[in-house]
Amino acid sequence: MRQQNSQIFSQEALDKLRSPEKLDTMLPITTPVSWMALIAILVLLFAVVLWSIYGAFTVKADGMGLIMDSAGVMNVSHIANGKIAHLYVQPGMKIKKGDLIAHMEQATQSADTRMAQYGMGLASSDRDAMGRAYQYDAKRYQQDVAEDVYSDYDGIVDEVMVDVGTMVSAGTPICAVRMTQNREDMTGLLYIPVDKGKRVEAGMTIQLAPNGADTSQSGSLIGVVRSVSQYPITAQGIQQHLGNAQLAQWILQAQNSSLMEVTFDLVKDADDKSGYLWTSKVGEHKMITPGSFCTGSIIIERKPPIEKVFYKLSQWLRSR
């Protein structure tokens, strides 16, 4: 029988069964690849923890507006009604205070002056003639004041808002003048929807994208909030401050909301070609000129992600 078993199993197999081998050898639990994966996961978790503490979620208030010099834009209007007979200015023209802007026709005032002139020939005495002459001079002066429109400012005509033959009422803007007296640093206006505009405060930083600038290449222009309007501004107020009715209307339609007016100053940088500070030192920084349309963003809230997590967690616990 033993000989028969020896023929069925080889001697080597029988020896292995009698003495099991490698009982004292350590079994490999992990491979080097597994260790590398574990280290990568731990590093990733550590980075997430650091980001949740030192990172930030931001809320931005976006708006659009205009860059201008600090002197601003003023509208020239008149105190009387009438028809525009002559215009003496055009966009881009330099004017001074006291320059004639336009001449108006006023049928009623002209008729009164002619009646006073005709009455001079009906005087019955020298004293009556002197009185009628005085009356004519007064009417003539009133007509000159009512018909001639003069500039109250030194500056450059930015826009002419009426044409020859236009009927205007008292207070109607005739032209917009970009003032040149007391020019200092570049400033601007930004219009932001009221829901976020009320959270903007003086001293906050604005990242601006002037018209024609590629922010992906040159970065953003830096401004600082100087002031914020207390109440939403009217369409007439926007038009008056910008000096351009079409731009004011376009901003109102684009934002589709009541707007807060933010006044800002650009930050100067003597080392930059443009003269102002940008978020990036590389790229082409073009010269900034008054009248440039711009969009802008203001960071109104900055919170670490872990604070958001705790806030959501507390809300969830309260709701249970």
# chains A, B, ... in the order shown; residues from 1 in each chain; ligands from 1
>>> residues_around(residues="Ile206 of chain A", least_positions_apart="3", cutoff="6 Å", atoms="only C-alpha atoms", output="list in words")
Ile222, Gly223, Val224, Ser297 and Ile298 of chain A
>>> write_last_selection(atoms="N, CA and C atoms", output="mmCIF file, in the first residue's frame")
data_model
loop_
_atom_site.group_PDB
_atom_site.id
_atom_site.type_symbol
_atom_site.label_atom_id
_atom_site.label_comp_id
_atom_site.auth_asym_id
_atom_site.auth_seq_id
_atom_site.Cartn_x
_atom_site.Cartn_y
_atom_site.Cartn_z
ATOM 1 N N ILE A 222 -7.216 99.597 -11.043
ATOM 2 C CA ILE A 222 -7.595 99.644 -9.632
ATOM 3 C C ILE A 222 -8.146 101.021 -9.265
ATOM 4 N N GLY A 223 -9.289 101.007 -8.593
ATOM 5 C CA GLY A 223 -9.879 102.227 -8.060
ATOM 6 C C GLY A 223 -10.276 102.028 -6.611
ATOM 7 N N VAL A 224 -10.548 103.131 -5.931
ATOM 8 C CA VAL A 224 -10.963 103.093 -4.524
ATOM 9 C C VAL A 224 -12.253 103.890 -4.379
ATOM 10 N N SER A 297 -16.073 95.753 -10.594
ATOM 11 C CA SER A 297 -16.505 94.809 -9.564
ATOM 12 C C SER A 297 -15.921 95.229 -8.224
ATOM 13 N N ILE A 298 -16.773 95.169 -7.195
ATOM 14 C CA ILE A 298 -16.349 95.494 -5.834
ATOM 15 C C ILE A 298 -16.621 94.281 -4.954
#
>>> residues_around(residues="His103 of chain A", least_positions_apart="6", cutoff="9 Å", atoms="only C-alpha atoms", output="ChimeraX atom specification")
/A:83-88,147-149
>>> write_last_selection(atoms="N, CA and C atoms", output="PDB file, in the first residue's frame")
ATOM      1  N   LYS A  83     -37.195 129.074 -28.997  1.00  0.00           N
ATOM      2  CA  LYS A  83     -36.810 128.249 -30.145  1.00  0.00           C
ATOM      3  C   LYS A  83     -35.352 128.525 -30.477  1.00  0.00           C
ATOM      4  N   ILE A  84     -34.563 127.452 -30.634  1.00  0.00           N
ATOM      5  CA  ILE A  84     -33.142 127.613 -30.941  1.00  0.00           C
ATOM      6  C   ILE A  84     -32.998 128.158 -32.362  1.00  0.00           C
ATOM      7  N   ALA A  85     -32.457 129.373 -32.464  1.00  0.00           N
ATOM      8  CA  ALA A  85     -32.262 130.002 -33.778  1.00  0.00           C
ATOM      9  C   ALA A  85     -30.848 129.777 -34.303  1.00  0.00           C
ATOM     10  N   HIS A  86     -29.853 129.813 -33.420  1.00  0.00           N
ATOM     11  CA  HIS A  86     -28.456 129.625 -33.820  1.00  0.00           C
ATOM     12  C   HIS A  86     -27.721 128.855 -32.728  1.00  0.00           C
ATOM     13  N   LEU A  87     -26.797 127.987 -33.150  1.00  0.00           N
ATOM     14  CA  LEU A  87     -25.895 127.290 -32.235  1.00  0.00           C
ATOM     15  C   LEU A  87     -24.465 127.687 -32.577  1.00  0.00           C
ATOM     16  N   TYR A  88     -23.695 128.045 -31.567  1.00  0.00           N
ATOM     17  CA  TYR A  88     -22.336 128.535 -31.793  1.00  0.00           C
ATOM     18  C   TYR A  88     -21.270 127.568 -31.286  1.00  0.00           C
ATOM     19  N   GLU A 147     -32.849 135.623 -24.724  1.00  0.00           N
ATOM     20  CA  GLU A 147     -32.579 134.982 -26.016  1.00  0.00           C
ATOM     21  C   GLU A 147     -31.157 134.465 -26.154  1.00  0.00           C
ATOM     22  N   ASP A 148     -30.186 135.054 -25.472  1.00  0.00           N
ATOM     23  CA  ASP A 148     -28.792 134.634 -25.600  1.00  0.00           C
ATOM     24  C   ASP A 148     -28.413 133.698 -24.456  1.00  0.00           C
ATOM     25  N   VAL A 149     -27.787 132.570 -24.814  1.00  0.00           N
ATOM     26  CA  VAL A 149     -27.372 131.565 -23.832  1.00  0.00           C
ATOM     27  C   VAL A 149     -25.850 131.583 -23.746  1.00  0.00           C
TER      28      VAL A 149
END
>>> residues_around(residues="Ile288 of chain A", least_positions_apart="4", cutoff="10 Å", atoms="only C-alpha atoms", output="number ranges by chain")
A: 67-68, 186, 210-211, 221, 274-276, 292
>>> write_last_selection(atoms="C-alpha atoms", output="mmCIF file, in the first residue's frame")
data_model
loop_
_atom_site.group_PDB
_atom_site.id
_atom_site.type_symbol
_atom_site.label_atom_id
_atom_site.label_comp_id
_atom_site.auth_asym_id
_atom_site.auth_seq_id
_atom_site.Cartn_x
_atom_site.Cartn_y
_atom_site.Cartn_z
ATOM 1 C CA ILE A 67 -14.175 107.352 -16.062
ATOM 2 C CA MET A 68 -13.785 111.133 -16.039
ATOM 3 C CA MET A 186 -8.820 110.805 -12.660
ATOM 4 C CA PRO A 210 -11.990 100.230 -19.212
ATOM 5 C CA ASN A 211 -13.541 100.078 -22.654
ATOM 6 C CA LEU A 221 -7.459 98.927 -13.383
ATOM 7 C CA SER A 274 -0.670 104.664 -18.060
ATOM 8 C CA GLY A 275 0.089 106.492 -14.819
ATOM 9 C CA TYR A 276 -2.331 104.314 -12.853
ATOM 10 C CA SER A 292 -13.971 106.081 -21.116
#
>>> atom_distance(atom1="atom CA of Gly72 of chain A", atom2="atom CA of Gly237 of chain A")
13.7 Å
>>> residues_around(residues="Cys294 of chain A", least_positions_apart="3", cutoff="9 Å", atoms="only C-alpha atoms", output="VMD selection string")
chain A and resid 63 to 67 190 208 to 211
>>> closest_residue(among="A:Asp265, A:Asp163, A:Glu307, A:Asp99", to="Gln207 of chain A", atoms="only C-alpha atoms")
A:Asp265
>>> residues_around(residues="Gln240 of chain A", least_positions_apart="5", cutoff="10 Å", atoms="only C-alpha atoms", output="number ranges by chain")
A: 73-75, 173, 176, 234-235, 245, 248
>>> write_last_selection(atoms="C-alpha atoms", output="PDB file, in the first residue's frame")
ATOM      1  CA  VAL A  73     -19.329 117.334 -16.521  1.00  0.00           C
ATOM      2  CA  MET A  74     -21.861 120.143 -16.261  1.00  0.00           C
ATOM      3  CA  ASN A  75     -24.909 120.913 -18.390  1.00  0.00           C
ATOM      4  CA  PRO A 173     -29.919 121.169 -21.171  1.00  0.00           C
ATOM      5  CA  ALA A 176     -22.730 119.274 -21.795  1.00  0.00           C
ATOM      6  CA  THR A 234     -33.003 108.860 -10.565  1.00  0.00           C
ATOM      7  CA  ALA A 235     -32.670 108.599 -14.330  1.00  0.00           C
ATOM      8  CA  ALA A 245     -28.635 110.875 -22.122  1.00  0.00           C
ATOM      9  CA  ALA A 248     -27.611 106.913 -18.988  1.00  0.00           C
TER      10      ALA A 248
END
>>> atom_distance(atom1="atom CA of Glu301 of chain A", atom2="atom CA of Val225 of chain A")
15.1 Å
>>> closest_residue(among="A:Ile156, A:Ala170, A:Val262, A:Leu38", to="Pro193 of chain A", atoms="only C-alpha atoms")
A:Val262
>>> select_by_dssp(residues="segment 231-297 of chain A", states="alpha helix (DSSP H)", output="list in words")
Ala235, Gln236, Gly237, Ile238, Gln239, Gln240, His241, Leu242, Ala245, Gln246, Leu247, Ala248, Gln249, Trp250, Ile251, Leu252, Gln253, Ala254 and Gln255 of chain A
>>> residues_around(residues="segment 40-52 of chain A", least_positions_apart="5", cutoff="7 Å", atoms="only C-alpha atoms", output="PDB file with C-alpha atoms, in the first residue's frame")
ATOM      1  CA  PRO A 304     -13.549  81.509   4.761  1.00  0.00           C
ATOM      2  CA  PRO A 305     -15.243  78.332   3.457  1.00  0.00           C
ATOM      3  CA  ILE A 306     -15.247  76.724   6.911  1.00  0.00           C
TER       4      ILE A 306
END
>>> atom_distance(atom1="atom CA of Glu105 of chain A", atom2="atom CA of Val160 of chain A")
18.3 Å
>>> closest_residue(among="A:Gln246, A:Ile95, A:Glu201, A:Ser169", to="Tyr153 of chain A", atoms="only C-alpha atoms")
A:Ile95
>>> closest_residue(among="A:Val309, A:Val228, A:Met287, A:Val89", to="Met204 of chain A", atoms="only C-alpha atoms")
A:Val228
>>> select_by_dssp(residues="segment 145-220 of chain A", states="strand (DSSP E)", output="PDB file with C-alpha atoms, in the first residue's frame")
ATOM      1  CA  ASP A 148     -28.792 134.634 -25.600  1.00  0.00           C
ATOM      2  CA  VAL A 149     -27.372 131.565 -23.832  1.00  0.00           C
ATOM      3  CA  TYR A 150     -23.885 131.884 -22.320  1.00  0.00           C
ATOM      4  CA  GLY A 155     -14.182 123.432 -20.544  1.00  0.00           C
ATOM      5  CA  ILE A 156     -14.688 121.311 -23.628  1.00  0.00           C
ATOM      6  CA  VAL A 157     -18.094 120.757 -25.218  1.00  0.00           C
ATOM      7  CA  ASP A 158     -18.834 117.075 -24.748  1.00  0.00           C
ATOM      8  CA  GLU A 159     -22.267 116.905 -26.368  1.00  0.00           C
ATOM      9  CA  VAL A 160     -24.770 119.265 -27.987  1.00  0.00           C
ATOM     10  CA  MET A 167     -38.297 124.297 -29.003  1.00  0.00           C
ATOM     11  CA  VAL A 168     -36.874 124.211 -25.475  1.00  0.00           C
ATOM     12  CA  CYS A 175     -24.993 121.209 -24.171  1.00  0.00           C
ATOM     13  CA  ALA A 176     -22.730 119.274 -21.795  1.00  0.00           C
ATOM     14  CA  VAL A 177     -19.374 120.807 -20.886  1.00  0.00           C
ATOM     15  CA  ARG A 178     -16.504 118.727 -19.535  1.00  0.00           C
ATOM     16  CA  MET A 179     -14.865 121.188 -17.205  1.00  0.00           C
ATOM     17  CA  MET A 186      -8.820 110.805 -12.660  1.00  0.00           C
ATOM     18  CA  THR A 187     -12.083 109.781 -11.047  1.00  0.00           C
ATOM     19  CA  GLY A 188     -15.309 108.125 -12.150  1.00  0.00           C
ATOM     20  CA  LEU A 189     -18.864 107.008 -11.495  1.00  0.00           C
ATOM     21  CA  LEU A 190     -20.128 103.432 -11.219  1.00  0.00           C
ATOM     22  CA  TYR A 191     -23.798 102.436 -11.074  1.00  0.00           C
ATOM     23  CA  ILE A 192     -24.617  99.274  -9.091  1.00  0.00           C
ATOM     24  CA  PRO A 193     -28.006  97.578  -8.426  1.00  0.00           C
ATOM     25  CA  THR A 205     -11.292  98.442  -3.803  1.00  0.00           C
ATOM     26  CA  ILE A 206     -12.771  98.379  -7.309  1.00  0.00           C
ATOM     27  CA  GLN A 207     -11.403  96.306 -10.174  1.00  0.00           C
ATOM     28  CA  LEU A 208     -12.213  98.179 -13.380  1.00  0.00           C
ATOM     29  CA  ALA A 209     -12.241  97.112 -17.014  1.00  0.00           C
ATOM     30  CA  PRO A 210     -11.990 100.230 -19.212  1.00  0.00           C
TER      31      PRO A 210
END
